[in-house]
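First the structure, in the form of structure tokens, and then the observations on it.
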Amino acid sequence: MSGFQHKEFKKQPDTQHQLAPQIFPAYGGRHYQAPALKMTHADGVLTTDLVYASMRQTSLDENRTETVIFLKDSIYPVHVEVHFIAYRKENIISQFTEIYHNEKKDIQVEQIASSFVPLHAQAYYLTHFYGTWAHEMQQEEEMLTHGVKTIETRRGIQTTKAEHPSFILSINAPAQENSGDVYAGTLAWSGNYELSFEVDETGRLNIISGMHPFAATRTLSARDKLRTPEMLLAYSPNGKGEITRNFHNWGRKYGMMHADKLRPIVLNSWEGAYFNFTEQTITDMIDTAADFGVELFVLDDGWFGSKYPRNADNAGLGDWHVNTDKLPRGVGYLADYAASKGLQFGIWIEPEMVNPNSELAKKYPEWIVKSGQRDILPMRNQWVLDLTNPQVQDFIVETFDRILAMSPHINYVKWDANRSIDNVGSDYLPADKQSHFWHDYVTGLYHVYERIRAKHPDVQIQLCSAGGGRLDYGALKYHNEVWTSDNTNALDRIFIQHGANTFFPAMATGAHVSTSPNHQTGMMLPLKFRFDVAMSGRLGLELQPKDIKGDEIGFAKAAISCYKQIRPIIQWGDLYRLLSPYGPNGWASHMYVSQDKQQAVLFAYSLKYHGRTEYFETKLAGLDSTKQYKVTEINKQHEWSVFDGNEEVFSGDYLMNVGLMLHIGSAFESAVFLLEEQ
């Protein structure tokens with residue numbers, strides 16, 4: 001017995017060592033949690049033992065420092081670099097990994113993560129985001145228990161439509177807006193992903209994030225290097241509100257195009273015309289848009305196709321030449337006409353896709369994603385082009401060039417992607433590298449973006465994928481904004497934008513006023529409510545402007561003018577969430593505060609009917625307690641105000657500690673206030 005105890009005592013330090021978290025755990029040794037790396041060596045050995053080799057720290061500029069931890073296998077010539085880029089002002093860390101080797105033959109990388117984060121606490125509360133088409137970015141919080149919680153997608157495209165590669169992790173208590181230890185992350189990747197949250201037998205939480213290993217084994221030749229996507233990570237001791245503001249500051253500086261320029265007010269033709277339009281339809285819409293004060297007109301789907309005209313979603317996709325039956329003088333004429341009315345002009349494309357009924361599909365069948373001899377499954381009557389193929393990449397870049405060449409006044413492109421990938425396979429990739437498809441499609445897409453941006457650095461490009469199906473910083477860094485959802489119903493948009501704006505700034509999230517009843521939901525909502533919701537993002541219209549009639553014409557014009565006044569605060573300001581739409585009382589509210597704290601805009605919404613004895617009440621946030629602010633209701637429909645203290649001056653201290661009480665108790669009443677330092 002004593003000898004047994006002695007042997008166990010001698011082994012105990014080794015056991016403790018094995019239980020300690022590693023910086024990047026590989027499969028091998030006595031580590032039973034999910035690994036960040038799983039590979040097979042050239043001789044068939046399945047295990048890897050990474051040990052520390054060295055580290056390097058480099059100052060990239062006055063704001064960024066990169067730290068690289070160099071790891072190597074204890075036996076094999078396999079090397080892993082774990083990179084951390086710290087953004088000091090934004091308090092964000094980007095983590096990614098690189099792997100390469102000098103083995104005599106190829107190795108097989110079955111799984112490699114972007115980041116591994118171990119935490120230890122008494123309890124963990126995970127907030128994540130889910131949904132479907134027209135119902136994206138719904139928020140859900142749960143307490144993690146022992147075992148594994150996985151957030152993942154295997155769609156290939158539209159990878160953020162149902163689940164989102166973002167999370168908020170609160171320690172020891174549910175996440176609070178302005179207090180508590182909170183961690184967060186969002187993966188900058190537009191392909192398949194997996195986020196794993198494992199509470200192990202020690203009570204430790206292991207968070208592994210990165211590309212999905214599903215059908216994605218990578219054959220890696222000697223000296224080739226595989227780099228993972230960036231995982232953007234943040235921590236705050238002051239709740240999730242600070243996390244959001246940090247991500248917004250990072251996103252505006254590093255995660256999107258042209259964030260130093262205010263976003264224009266858009267009229268998009270889709271819900272106002274769909275496929276059924278003529279040249280006169282479009283010029284009439286442009287005329288009315290100019291009269292309303294709109295700044296950019298976008299011609300959506302349906303403008304192209306000759307042999308297979310694009311009069312519905314079942315033909316013409318891929319044939320990017322003008323349908324002259326609809327537009328006898330071409331798109332260039334419309335762009336020039338818009339310019340003559342003082343509007344910028346944009347156009348819709350979906351260059352990654354093709355209809356079976358198209359000249360392109362019949363001419364280049366080898367360009368279609370397909371699984372051997374199996375049937376190519378259509379979705380939305382279309383197939384996917386194989387972006388692992390450099391010829392397809394060239395075609396998309398050349399298509400983009402040709403479309404912009406139709407007029408020098410085309411300065412905005414809506415880039416859509418309306419289906420996912422199934423029955424995956426590539427005629428371009430060799431048989432033994434078909435599993436490279438999931439990774440190479442996305443890197444091929446990014447290569448296309450890079451080439452386009454090198455040629456057209458000033459063009460505005462909207463990131464759309466049937467709405468919010470490609471809402472990630474991997475793609476957004478090449479774009480000006482995202483189309484947050486195809487669902488333009490204002491009540492639904494409060495929830496969708498609440499989720500999207502957790503990580504992505506307001507200037508990146510397109511939010512449009514549409515008609516009533518709404519085309520997606522059939523819901524009827526007041527025009528003021530629709531404007532007040534859309535004004536909290538990048539304002540636009542998604543309707544036939546002639547459908548706005550009577551007194552509503554004057555209100556719409558005034559609302560657009562009002563947005564121009566407050567646009568800098570919304571698009572460049574700090575977001576403070578006050579009342580969550582998920583709260584129990586049927587209210588929602590948030591505000592934007594200019595970074596110099598001289599101005600702010602408050603939005604307040606009543607989501608249901610409240611009785612006569614119920615009042616909207618909230619304390620404001622983000623103001624300077626020592627400043628004096630004049631509080632003025634704007635975007636009003638009536639002379640009277642819903643705030644008894646309208647146009648009076650209050651201290652920041654009063655507004656943040658006592659707050660406001662508003663008379664908005666009916667369903668779908670709303671109010672907007674401008675606060676200005678006196």
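Note on naming: chains are A, B, ... as they come in the structure tokens, residues start from 1 per chain, ligands start from 1 in the order shown.
Using only C-alpha atoms, the residues found no farther than 10 Å from Pro21 in chain A, other than those of its own chain fewer than 5 positions away, are His31, Phe116, Val117, Pro118, Leu119, Arg204 and Asn206 of chain A.
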Please, could you write that set of residues out with N, CA, C and O atoms as a compact mmCIF listing (two decimals), in the first residue's frame?
# COMPACT_ATOMS: atom_id res chain seq x y z
N HIS A 31 -4.46 14.89 -22.84
CA HIS A 31 -5.37 16.02 -22.95
C HIS A 31 -6.62 15.52 -23.64
O HIS A 31 -6.61 15.22 -24.84
N PHE A 116 -7.62 29.41 -29.17
CA PHE A 116 -7.98 28.59 -28.02
C PHE A 116 -7.94 29.48 -26.79
O PHE A 116 -6.93 30.13 -26.52
N VAL A 117 -9.07 29.55 -26.07
CA VAL A 117 -9.16 30.40 -24.88
C VAL A 117 -9.64 29.55 -23.72
O VAL A 117 -10.78 29.08 -23.72
N PRO A 118 -8.80 29.31 -22.70
CA PRO A 118 -9.25 28.61 -21.49
C PRO A 118 -9.64 29.60 -20.40
O PRO A 118 -8.95 30.58 -20.16
N LEU A 119 -10.77 29.34 -19.75
CA LEU A 119 -11.23 30.18 -18.65
C LEU A 119 -11.61 29.30 -17.47
O LEU A 119 -11.97 28.13 -17.66
N ARG A 204 -13.15 23.85 -15.99
CA ARG A 204 -12.58 24.83 -16.89
C ARG A 204 -13.39 24.88 -18.19
O ARG A 204 -13.88 23.87 -18.68
N ASN A 206 -13.18 25.59 -22.10
CA ASN A 206 -12.24 25.66 -23.23
C ASN A 206 -13.01 26.15 -24.45
O ASN A 206 -13.96 25.49 -24.89
Give me the residues within 9 Å of range 299-314 of chain A as a compact mmCIF listing (two decimals) with all heavy atoms, in the first residue's frame, counting only C-alpha atoms and dropping any in the same chain fewer than 2 places off.
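The new file out.txt reads:
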# COMPACT_ATOMS: atom_id res chain seq x y z
N LEU A 267 -32.22 54.78 -52.05
CA LEU A 267 -33.47 54.17 -52.50
C LEU A 267 -33.09 52.97 -53.34
O LEU A 267 -32.45 53.10 -54.38
CB LEU A 267 -34.33 55.13 -53.33
CG LEU A 267 -35.53 54.48 -54.03
CD1 LEU A 267 -36.50 53.87 -53.03
CD2 LEU A 267 -36.25 55.47 -54.94
N ASN A 268 -33.46 51.76 -52.87
CA ASN A 268 -33.20 50.53 -53.61
C ASN A 268 -34.48 50.12 -54.33
O ASN A 268 -35.57 50.17 -53.76
CB ASN A 268 -32.76 49.42 -52.64
CG ASN A 268 -32.25 48.20 -53.38
OD1 ASN A 268 -31.23 48.28 -54.06
ND2 ASN A 268 -32.93 47.09 -53.25
N SER A 269 -34.36 49.69 -55.57
CA SER A 269 -35.54 49.46 -56.41
C SER A 269 -36.29 48.17 -56.13
O SER A 269 -37.42 48.00 -56.60
CB SER A 269 -35.12 49.47 -57.89
OG SER A 269 -34.40 48.28 -58.22
N TRP A 270 -35.71 47.24 -55.33
CA TRP A 270 -36.23 45.88 -55.31
C TRP A 270 -37.72 45.82 -54.92
O TRP A 270 -38.56 45.38 -55.70
CB TRP A 270 -35.39 45.00 -54.39
CG TRP A 270 -35.87 43.58 -54.31
CD1 TRP A 270 -36.29 42.92 -53.20
CD2 TRP A 270 -35.99 42.65 -55.39
NE1 TRP A 270 -36.65 41.63 -53.51
CE2 TRP A 270 -36.49 41.44 -54.86
CE3 TRP A 270 -35.74 42.72 -56.76
CZ2 TRP A 270 -36.73 40.32 -55.64
CZ3 TRP A 270 -35.97 41.61 -57.55
CH2 TRP A 270 -36.47 40.43 -56.99
N ALA A 273 -40.11 47.71 -57.36
CA ALA A 273 -40.28 47.33 -58.76
C ALA A 273 -40.14 45.83 -59.01
O ALA A 273 -40.70 45.31 -59.98
CB ALA A 273 -39.27 48.09 -59.63
N TYR A 274 -39.36 45.14 -58.18
CA TYR A 274 -39.02 43.73 -58.40
C TYR A 274 -38.49 43.56 -59.83
O TYR A 274 -37.71 44.39 -60.30
CB TYR A 274 -40.22 42.82 -58.10
CG TYR A 274 -40.54 42.78 -56.61
CD1 TYR A 274 -41.67 43.42 -56.11
CD2 TYR A 274 -39.71 42.15 -55.72
CE1 TYR A 274 -41.96 43.40 -54.75
CE2 TYR A 274 -39.98 42.12 -54.35
CZ TYR A 274 -41.10 42.74 -53.88
OH TYR A 274 -41.36 42.72 -52.53
N PHE A 275 -38.89 42.50 -60.55
CA PHE A 275 -38.36 42.27 -61.90
C PHE A 275 -39.16 43.05 -62.96
O PHE A 275 -38.74 43.13 -64.11
CB PHE A 275 -38.44 40.77 -62.25
CG PHE A 275 -37.51 39.91 -61.45
CD1 PHE A 275 -38.01 39.06 -60.47
CD2 PHE A 275 -36.15 39.91 -61.68
CE1 PHE A 275 -37.16 38.25 -59.74
CE2 PHE A 275 -35.30 39.09 -60.96
CZ PHE A 275 -35.80 38.26 -59.97
N ASN A 276 -40.32 43.57 -62.56
CA ASN A 276 -41.26 44.13 -63.53
C ASN A 276 -41.08 45.64 -63.63
O ASN A 276 -41.77 46.41 -62.97
CB ASN A 276 -42.70 43.79 -63.09
CG ASN A 276 -43.72 44.24 -64.12
OD1 ASN A 276 -43.41 44.35 -65.31
ND2 ASN A 276 -44.93 44.53 -63.66
N PHE A 277 -40.13 46.06 -64.46
CA PHE A 277 -39.90 47.49 -64.62
C PHE A 277 -39.48 47.80 -66.05
O PHE A 277 -39.07 46.92 -66.82
CB PHE A 277 -38.84 47.99 -63.64
CG PHE A 277 -37.49 47.33 -63.77
CD1 PHE A 277 -36.57 47.74 -64.72
CD2 PHE A 277 -37.13 46.28 -62.93
CE1 PHE A 277 -35.33 47.14 -64.84
CE2 PHE A 277 -35.90 45.68 -63.02
CZ PHE A 277 -34.99 46.11 -63.98
N ILE A 282 -37.93 53.25 -63.77
CA ILE A 282 -36.72 53.60 -63.02
C ILE A 282 -36.49 55.10 -63.01
O ILE A 282 -36.16 55.68 -61.97
CB ILE A 282 -35.50 52.85 -63.60
CG1 ILE A 282 -35.73 51.33 -63.56
CG2 ILE A 282 -34.24 53.22 -62.83
CD1 ILE A 282 -36.07 50.78 -62.18
N PHE A 297 -29.41 56.08 -55.75
CA PHE A 297 -30.41 55.14 -56.27
C PHE A 297 -29.72 53.86 -56.68
O PHE A 297 -28.69 53.89 -57.37
CB PHE A 297 -31.15 55.73 -57.48
CG PHE A 297 -32.15 54.77 -58.06
CD1 PHE A 297 -33.42 54.67 -57.51
CD2 PHE A 297 -31.81 53.93 -59.12
CE1 PHE A 297 -34.35 53.77 -58.02
CE2 PHE A 297 -32.73 53.03 -59.64
CZ PHE A 297 -34.00 52.95 -59.08
N GLY A 316 -31.10 33.77 -66.70
CA GLY A 316 -30.26 34.93 -66.99
C GLY A 316 -29.10 35.18 -66.05
O GLY A 316 -28.18 35.92 -66.40
N LEU A 317 -29.12 34.58 -64.87
CA LEU A 317 -28.06 34.86 -63.91
C LEU A 317 -26.73 34.34 -64.45
O LEU A 317 -26.60 33.15 -64.79
CB LEU A 317 -28.38 34.20 -62.57
CG LEU A 317 -27.58 34.66 -61.35
CD1 LEU A 317 -27.78 36.14 -61.11
CD2 LEU A 317 -28.00 33.87 -60.12
N GLY A 318 -25.75 35.20 -64.53
CA GLY A 318 -24.45 34.88 -65.12
C GLY A 318 -24.22 35.56 -66.45
O GLY A 318 -23.07 35.68 -66.89
N ASP A 319 -25.30 36.03 -67.08
CA ASP A 319 -25.19 36.70 -68.39
C ASP A 319 -25.28 38.21 -68.15
O ASP A 319 -26.35 38.83 -68.24
CB ASP A 319 -26.31 36.24 -69.32
CG ASP A 319 -26.26 34.74 -69.58
OD1 ASP A 319 -25.21 34.13 -69.33
OD2 ASP A 319 -27.29 34.18 -70.03
N TRP A 320 -24.14 38.82 -67.89
CA TRP A 320 -24.12 40.19 -67.38
C TRP A 320 -24.05 41.20 -68.51
O TRP A 320 -23.11 42.01 -68.60
CB TRP A 320 -22.98 40.35 -66.39
CG TRP A 320 -23.11 39.42 -65.22
CD1 TRP A 320 -22.41 38.28 -64.97
CD2 TRP A 320 -24.05 39.54 -64.16
NE1 TRP A 320 -22.85 37.68 -63.82
CE2 TRP A 320 -23.86 38.43 -63.30
CE3 TRP A 320 -25.06 40.47 -63.84
CZ2 TRP A 320 -24.63 38.24 -62.15
CZ3 TRP A 320 -25.80 40.28 -62.70
CH2 TRP A 320 -25.59 39.17 -61.87
N HIS A 321 -25.07 41.19 -69.37
CA HIS A 321 -25.23 42.24 -70.36
C HIS A 321 -26.67 42.72 -70.29
O HIS A 321 -27.58 41.99 -69.92
CB HIS A 321 -24.87 41.76 -71.76
CG HIS A 321 -25.29 40.35 -72.05
ND1 HIS A 321 -24.43 39.28 -71.93
CD2 HIS A 321 -26.48 39.84 -72.43
CE1 HIS A 321 -25.07 38.16 -72.24
NE2 HIS A 321 -26.32 38.47 -72.54
N VAL A 322 -26.90 43.96 -70.66
CA VAL A 322 -28.17 44.63 -70.41
C VAL A 322 -29.30 44.01 -71.21
O VAL A 322 -29.15 43.69 -72.40
CB VAL A 322 -28.05 46.13 -70.74
CG1 VAL A 322 -29.40 46.84 -70.55
CG2 VAL A 322 -26.98 46.78 -69.88
N ASN A 323 -30.44 43.85 -70.57
CA ASN A 323 -31.67 43.45 -71.25
C ASN A 323 -32.24 44.70 -71.93
O ASN A 323 -32.89 45.53 -71.29
CB ASN A 323 -32.66 42.88 -70.23
CG ASN A 323 -33.96 42.43 -70.85
OD1 ASN A 323 -34.29 42.80 -71.98
ND2 ASN A 323 -34.72 41.64 -70.11
N THR A 324 -32.01 44.82 -73.22
CA THR A 324 -32.40 46.04 -73.93
C THR A 324 -33.90 46.11 -74.18
O THR A 324 -34.42 47.18 -74.54
CB THR A 324 -31.65 46.14 -75.27
OG1 THR A 324 -31.83 44.93 -76.02
CG2 THR A 324 -30.15 46.36 -75.02
N ASP A 325 -34.63 44.99 -74.00
CA ASP A 325 -36.09 45.07 -74.08
C ASP A 325 -36.63 45.92 -72.93
O ASP A 325 -37.60 46.67 -73.09
CB ASP A 325 -36.72 43.67 -74.03
CG ASP A 325 -36.44 42.88 -75.29
OD1 ASP A 325 -36.19 43.51 -76.35
OD2 ASP A 325 -36.48 41.64 -75.24
N LYS A 326 -36.02 45.78 -71.77
CA LYS A 326 -36.43 46.58 -70.61
C LYS A 326 -35.79 47.96 -70.64
O LYS A 326 -36.44 48.97 -70.33
CB LYS A 326 -36.01 45.88 -69.31
CG LYS A 326 -36.87 44.72 -68.87
CD LYS A 326 -36.37 44.23 -67.51
CE LYS A 326 -37.18 43.05 -67.02
NZ LYS A 326 -36.67 42.55 -65.72
N LEU A 327 -34.52 47.98 -70.96
CA LEU A 327 -33.73 49.21 -70.87
C LEU A 327 -33.08 49.50 -72.22
O LEU A 327 -31.89 49.21 -72.43
CB LEU A 327 -32.67 49.07 -69.78
CG LEU A 327 -33.18 48.69 -68.38
CD1 LEU A 327 -32.01 48.47 -67.43
CD2 LEU A 327 -34.12 49.76 -67.84
N GLY A 330 -29.93 51.33 -72.09
CA GLY A 330 -28.90 50.74 -71.26
C GLY A 330 -28.86 51.28 -69.84
O GLY A 330 -29.52 52.26 -69.49
N VAL A 331 -28.04 50.61 -69.03
CA VAL A 331 -27.85 51.03 -67.65
C VAL A 331 -27.09 52.35 -67.60
O VAL A 331 -27.32 53.19 -66.71
CB VAL A 331 -27.12 49.93 -66.86
CG1 VAL A 331 -26.64 50.44 -65.51
CG2 VAL A 331 -28.02 48.71 -66.67
N PHE A 345 -25.42 56.54 -58.30
CA PHE A 345 -26.13 55.40 -58.91
C PHE A 345 -25.43 54.10 -58.55
O PHE A 345 -24.20 54.01 -58.59
CB PHE A 345 -26.18 55.55 -60.43
CG PHE A 345 -27.02 54.51 -61.12
CD1 PHE A 345 -28.39 54.67 -61.26
CD2 PHE A 345 -26.44 53.34 -61.62
CE1 PHE A 345 -29.16 53.71 -61.89
CE2 PHE A 345 -27.20 52.38 -62.25
CZ PHE A 345 -28.57 52.56 -62.39
N GLY A 346 -26.23 53.10 -58.20
CA GLY A 346 -25.69 51.79 -57.88
C GLY A 346 -26.42 50.70 -58.63
O GLY A 346 -27.50 50.91 -59.20
N ILE A 347 -25.83 49.50 -58.64
CA ILE A 347 -26.39 48.40 -59.39
C ILE A 347 -26.18 47.09 -58.66
O ILE A 347 -25.20 46.92 -57.92
CB ILE A 347 -25.77 48.35 -60.81
CG1 ILE A 347 -26.57 47.44 -61.73
CG2 ILE A 347 -24.29 47.95 -60.76
CD1 ILE A 347 -26.26 47.68 -63.21
N TRP A 348 -27.10 46.16 -58.86
CA TRP A 348 -27.10 44.85 -58.20
C TRP A 348 -26.38 43.83 -59.08
O TRP A 348 -26.58 43.78 -60.30
CB TRP A 348 -28.53 44.40 -57.97
CG TRP A 348 -28.72 43.05 -57.33
CD1 TRP A 348 -28.89 42.79 -56.01
CD2 TRP A 348 -28.80 41.77 -57.99
NE1 TRP A 348 -29.07 41.43 -55.79
CE2 TRP A 348 -29.01 40.79 -56.99
CE3 TRP A 348 -28.69 41.36 -59.32
CZ2 TRP A 348 -29.14 39.43 -57.28
CZ3 TRP A 348 -28.81 40.00 -59.61
CH2 TRP A 348 -29.03 39.06 -58.60
N ILE A 349 -25.57 42.96 -58.43
CA ILE A 349 -24.97 41.82 -59.12
C ILE A 349 -24.96 40.62 -58.17
O ILE A 349 -25.05 40.78 -56.95
CB ILE A 349 -23.53 42.10 -59.60
CG1 ILE A 349 -22.62 42.44 -58.42
CG2 ILE A 349 -23.50 43.20 -60.65
CD1 ILE A 349 -21.13 42.56 -58.79
N GLU A 350 -24.88 39.45 -58.75
CA GLU A 350 -24.70 38.22 -57.98
C GLU A 350 -23.69 37.34 -58.72
O GLU A 350 -24.03 36.30 -59.30
CB GLU A 350 -26.04 37.49 -57.80
CG GLU A 350 -25.96 36.38 -56.77
CD GLU A 350 -27.30 35.70 -56.54
OE1 GLU A 350 -28.29 36.02 -57.23
OE2 GLU A 350 -27.35 34.81 -55.67
N ASN A 355 -27.75 30.80 -63.24
CA ASN A 355 -28.95 30.00 -63.50
C ASN A 355 -28.63 28.88 -64.48
O ASN A 355 -27.83 29.08 -65.42
CB ASN A 355 -30.05 30.86 -64.12
CG ASN A 355 -30.73 31.77 -63.13
OD1 ASN A 355 -30.83 32.98 -63.35
ND2 ASN A 355 -31.23 31.23 -62.04
N PRO A 356 -29.25 27.71 -64.34
CA PRO A 356 -29.11 26.69 -65.39
C PRO A 356 -29.54 27.23 -66.76
O PRO A 356 -28.94 26.88 -67.78
CB PRO A 356 -30.04 25.57 -64.90
CG PRO A 356 -30.08 25.73 -63.41
CD PRO A 356 -30.00 27.22 -63.17
N ASN A 357 -30.59 28.08 -66.76
CA ASN A 357 -31.01 28.73 -67.99
C ASN A 357 -30.21 30.02 -68.19
O ASN A 357 -30.67 31.12 -67.87
CB ASN A 357 -32.51 29.05 -67.94
CG ASN A 357 -33.35 27.80 -68.05
OD1 ASN A 357 -32.97 26.84 -68.69
ND2 ASN A 357 -34.51 27.81 -67.39
N SER A 358 -29.00 29.84 -68.67
CA SER A 358 -28.13 30.99 -68.96
C SER A 358 -27.10 30.55 -69.99
O SER A 358 -26.77 29.36 -70.12
CB SER A 358 -27.41 31.47 -67.69
OG SER A 358 -26.49 30.49 -67.24
N GLU A 359 -26.60 31.52 -70.72
CA GLU A 359 -25.55 31.22 -71.69
C GLU A 359 -24.28 30.77 -70.97
O GLU A 359 -23.56 29.89 -71.46
CB GLU A 359 -25.27 32.46 -72.54
CG GLU A 359 -26.45 32.89 -73.41
CD GLU A 359 -26.16 34.14 -74.22
OE1 GLU A 359 -25.36 34.05 -75.17
OE2 GLU A 359 -26.72 35.20 -73.88
N ARG A 380 -33.15 28.22 -55.21
CA ARG A 380 -33.57 29.49 -55.80
C ARG A 380 -33.29 29.50 -57.31
O ARG A 380 -32.91 30.50 -57.90
CB ARG A 380 -32.88 30.67 -55.11
CG ARG A 380 -33.57 32.03 -55.33
CD ARG A 380 -32.86 33.14 -54.56
NE ARG A 380 -33.48 34.43 -54.76
CZ ARG A 380 -33.08 35.32 -55.67
NH1 ARG A 380 -32.05 35.04 -56.45
NH2 ARG A 380 -33.69 36.48 -55.79
N ASN A 381 -33.45 28.33 -57.92
CA ASN A 381 -33.27 28.16 -59.37
C ASN A 381 -31.85 28.50 -59.84
O ASN A 381 -31.65 28.91 -60.97
CB ASN A 381 -34.27 29.03 -60.15
CG ASN A 381 -35.71 28.70 -59.82
OD1 ASN A 381 -36.13 27.55 -59.94
ND2 ASN A 381 -36.47 29.69 -59.38
N GLN A 382 -30.85 28.31 -58.97
CA GLN A 382 -29.51 28.69 -59.39
C GLN A 382 -28.46 27.74 -58.83
O GLN A 382 -28.71 27.00 -57.88
CB GLN A 382 -29.21 30.13 -58.96
CG GLN A 382 -29.20 30.39 -57.46
CD GLN A 382 -29.21 31.87 -57.13
OE1 GLN A 382 -30.10 32.61 -57.56
NE2 GLN A 382 -28.24 32.32 -56.36
N LYS A 414 -24.22 46.54 -55.28
CA LYS A 414 -24.83 45.63 -54.30
C LYS A 414 -24.46 44.21 -54.71
O LYS A 414 -24.95 43.69 -55.70
CB LYS A 414 -26.35 45.81 -54.27
CG LYS A 414 -27.05 44.89 -53.30
CD LYS A 414 -28.57 45.14 -53.27
CE LYS A 414 -29.26 44.21 -52.29
NZ LYS A 414 -30.74 44.47 -52.24
Quick one: everything within 12 Å of Thr217 in chain A, counting only C-alpha atoms, minus sequence neighbours fewer than 6 positions away in the same chain. Send it as a tab-separated table (two decimals) with C-alpha atoms, in the first residue's frame.
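Result saved to around-v1.tsv:
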chain	number	residue	atom	x	y	z
A	37	LEU	CA	-5.01	20.95	-33.83
A	38	LYS	CA	-5.48	17.44	-35.22
A	39	MET	CA	-3.20	16.17	-37.95
A	40	THR	CA	-1.73	12.99	-39.38
A	107	ILE	CA	0.92	15.78	-43.91
A	108	GLN	CA	-2.84	15.82	-43.44
A	109	VAL	CA	-4.26	18.67	-41.35
A	110	GLU	CA	-7.71	17.53	-40.28
A	111	GLN	CA	-8.42	20.37	-37.87
A	112	ILE	CA	-6.73	23.63	-36.99
A	211	MET	CA	-12.74	26.90	-39.64
A	226	LEU	CA	-1.63	27.21	-43.95
A	432	ASP	CA	-7.20	13.81	-53.88
A	433	LYS	CA	-7.77	17.45	-52.90
A	434	GLN	CA	-11.55	17.80	-53.10
A	435	SER	CA	-11.60	18.47	-49.36
A	436	HIS	CA	-9.70	21.69	-50.03
A	437	PHE	CA	-12.85	23.16	-51.58
A	438	TRP	CA	-14.39	24.73	-48.46
A	439	HIS	CA	-11.23	26.69	-47.67
A	440	ASP	CA	-10.21	27.50	-51.23
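Taking CA of Leu578 in chain A and CA of Ile168 in chain A as the two end points, the separation is 17.8 Å.
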- Message: Give me the residues near Ile569 in chain A as number ranges by chain, where near means some atom within 9 Å (using only C-alpha atoms) and where sequence neighbours in that chain fewer than 3 positions away do not count.
- Response: A: 565-566, 572-574, 592-595, 599-601
Selected residues, N, CA, C and O atoms, written as a short mmCIF file (atom, residue, chain, number, x, y, z; two decimals), in the first residue's frame, please.
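Okay, out-v4.cif is ready:
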data_model
loop_
_atom_site.label_atom_id
_atom_site.label_comp_id
_atom_site.auth_asym_id
_atom_site.auth_seq_id
_atom_site.Cartn_x
_atom_site.Cartn_y
_atom_site.Cartn_z
N GLN A 565 -29.17 65.50 -40.50
CA GLN A 565 -28.68 66.31 -39.40
C GLN A 565 -28.00 65.45 -38.33
O GLN A 565 -26.94 65.83 -37.80
N ILE A 566 -28.57 64.29 -38.03
CA ILE A 566 -28.06 63.46 -36.94
C ILE A 566 -27.16 62.33 -37.42
O ILE A 566 -26.60 61.60 -36.61
N TRP A 572 -20.94 57.60 -36.56
CA TRP A 572 -19.61 57.66 -35.95
C TRP A 572 -19.64 57.63 -34.43
O TRP A 572 -18.59 57.60 -33.79
N GLY A 573 -20.83 57.66 -33.84
CA GLY A 573 -20.92 57.76 -32.39
C GLY A 573 -20.81 56.42 -31.69
O GLY A 573 -20.75 55.36 -32.29
N ASP A 574 -20.81 56.50 -30.36
CA ASP A 574 -20.76 55.31 -29.50
C ASP A 574 -22.17 54.87 -29.17
O ASP A 574 -23.03 55.69 -28.79
N TYR A 592 -26.97 56.95 -29.34
CA TYR A 592 -25.63 57.16 -29.88
C TYR A 592 -25.09 58.47 -29.33
O TYR A 592 -25.79 59.49 -29.33
N VAL A 593 -23.85 58.45 -28.87
CA VAL A 593 -23.22 59.62 -28.27
C VAL A 593 -21.97 59.95 -29.08
O VAL A 593 -21.13 59.07 -29.33
N SER A 594 -21.86 61.19 -29.52
CA SER A 594 -20.65 61.60 -30.24
C SER A 594 -19.44 61.40 -29.34
O SER A 594 -19.53 61.53 -28.12
N GLN A 595 -18.32 61.10 -29.93
CA GLN A 595 -17.16 60.74 -29.12
C GLN A 595 -16.62 61.91 -28.31
O GLN A 595 -15.93 61.70 -27.31
N GLN A 599 -22.91 65.80 -28.34
CA GLN A 599 -24.23 65.53 -28.91
C GLN A 599 -24.59 64.06 -28.70
O GLN A 599 -23.69 63.21 -28.55
N ALA A 600 -25.88 63.79 -28.73
CA ALA A 600 -26.36 62.41 -28.63
C ALA A 600 -27.72 62.31 -29.30
O ALA A 600 -28.44 63.32 -29.45
N VAL A 601 -28.07 61.11 -29.73
CA VAL A 601 -29.39 60.83 -30.30
C VAL A 601 -29.98 59.66 -29.54
O VAL A 601 -29.34 58.61 -29.42
#
- range 353-419 of chain A: residues DSSP assigns to strand (DSSP E or B), reported as a PyMOL selection string: chain A and resi 353-354+368+379+382-385+410-415
- Message: Could you list, as a PyMOL selection string, every residue within 10 Å of range 258-265 of chain A, counting only C-alpha atoms and ignoring same-chain residues fewer than 6 positions away?
- Response: chain A and resi 251-252+289+293-297+343-344+457-460+477-481+505+507-508+510-512+535+537-541+560+563-564+567-568+570-572
- Message: Between CA of His610 in chain A and CA of Gly586 in chain A, what distance in Å does the model show, to one decimal?
- Response: 8.1 Å
- Message: Would you pick out the contacts of Ser74 in chain A at 8 Å or less, using only C-alpha atoms, so that residues sharing its chain but fewer than 5 positions from it are not included, and give the list as a ChimeraX atom specification?
- Response: /A:49-51
Can you spit out the residues from that selection as a short mmCIF file (atom, residue, chain, number, x, y, z; two decimals), in the first residue's frame, using C-alpha atoms?
data_model
loop_
_atom_site.label_atom_id
_atom_site.label_comp_id
_atom_site.auth_asym_id
_atom_site.auth_seq_id
_atom_site.Cartn_x
_atom_site.Cartn_y
_atom_site.Cartn_z
CA ASP A 49 3.15 17.06 -29.16
CA LEU A 50 3.70 20.81 -29.42
CA VAL A 51 6.36 22.36 -27.21
#
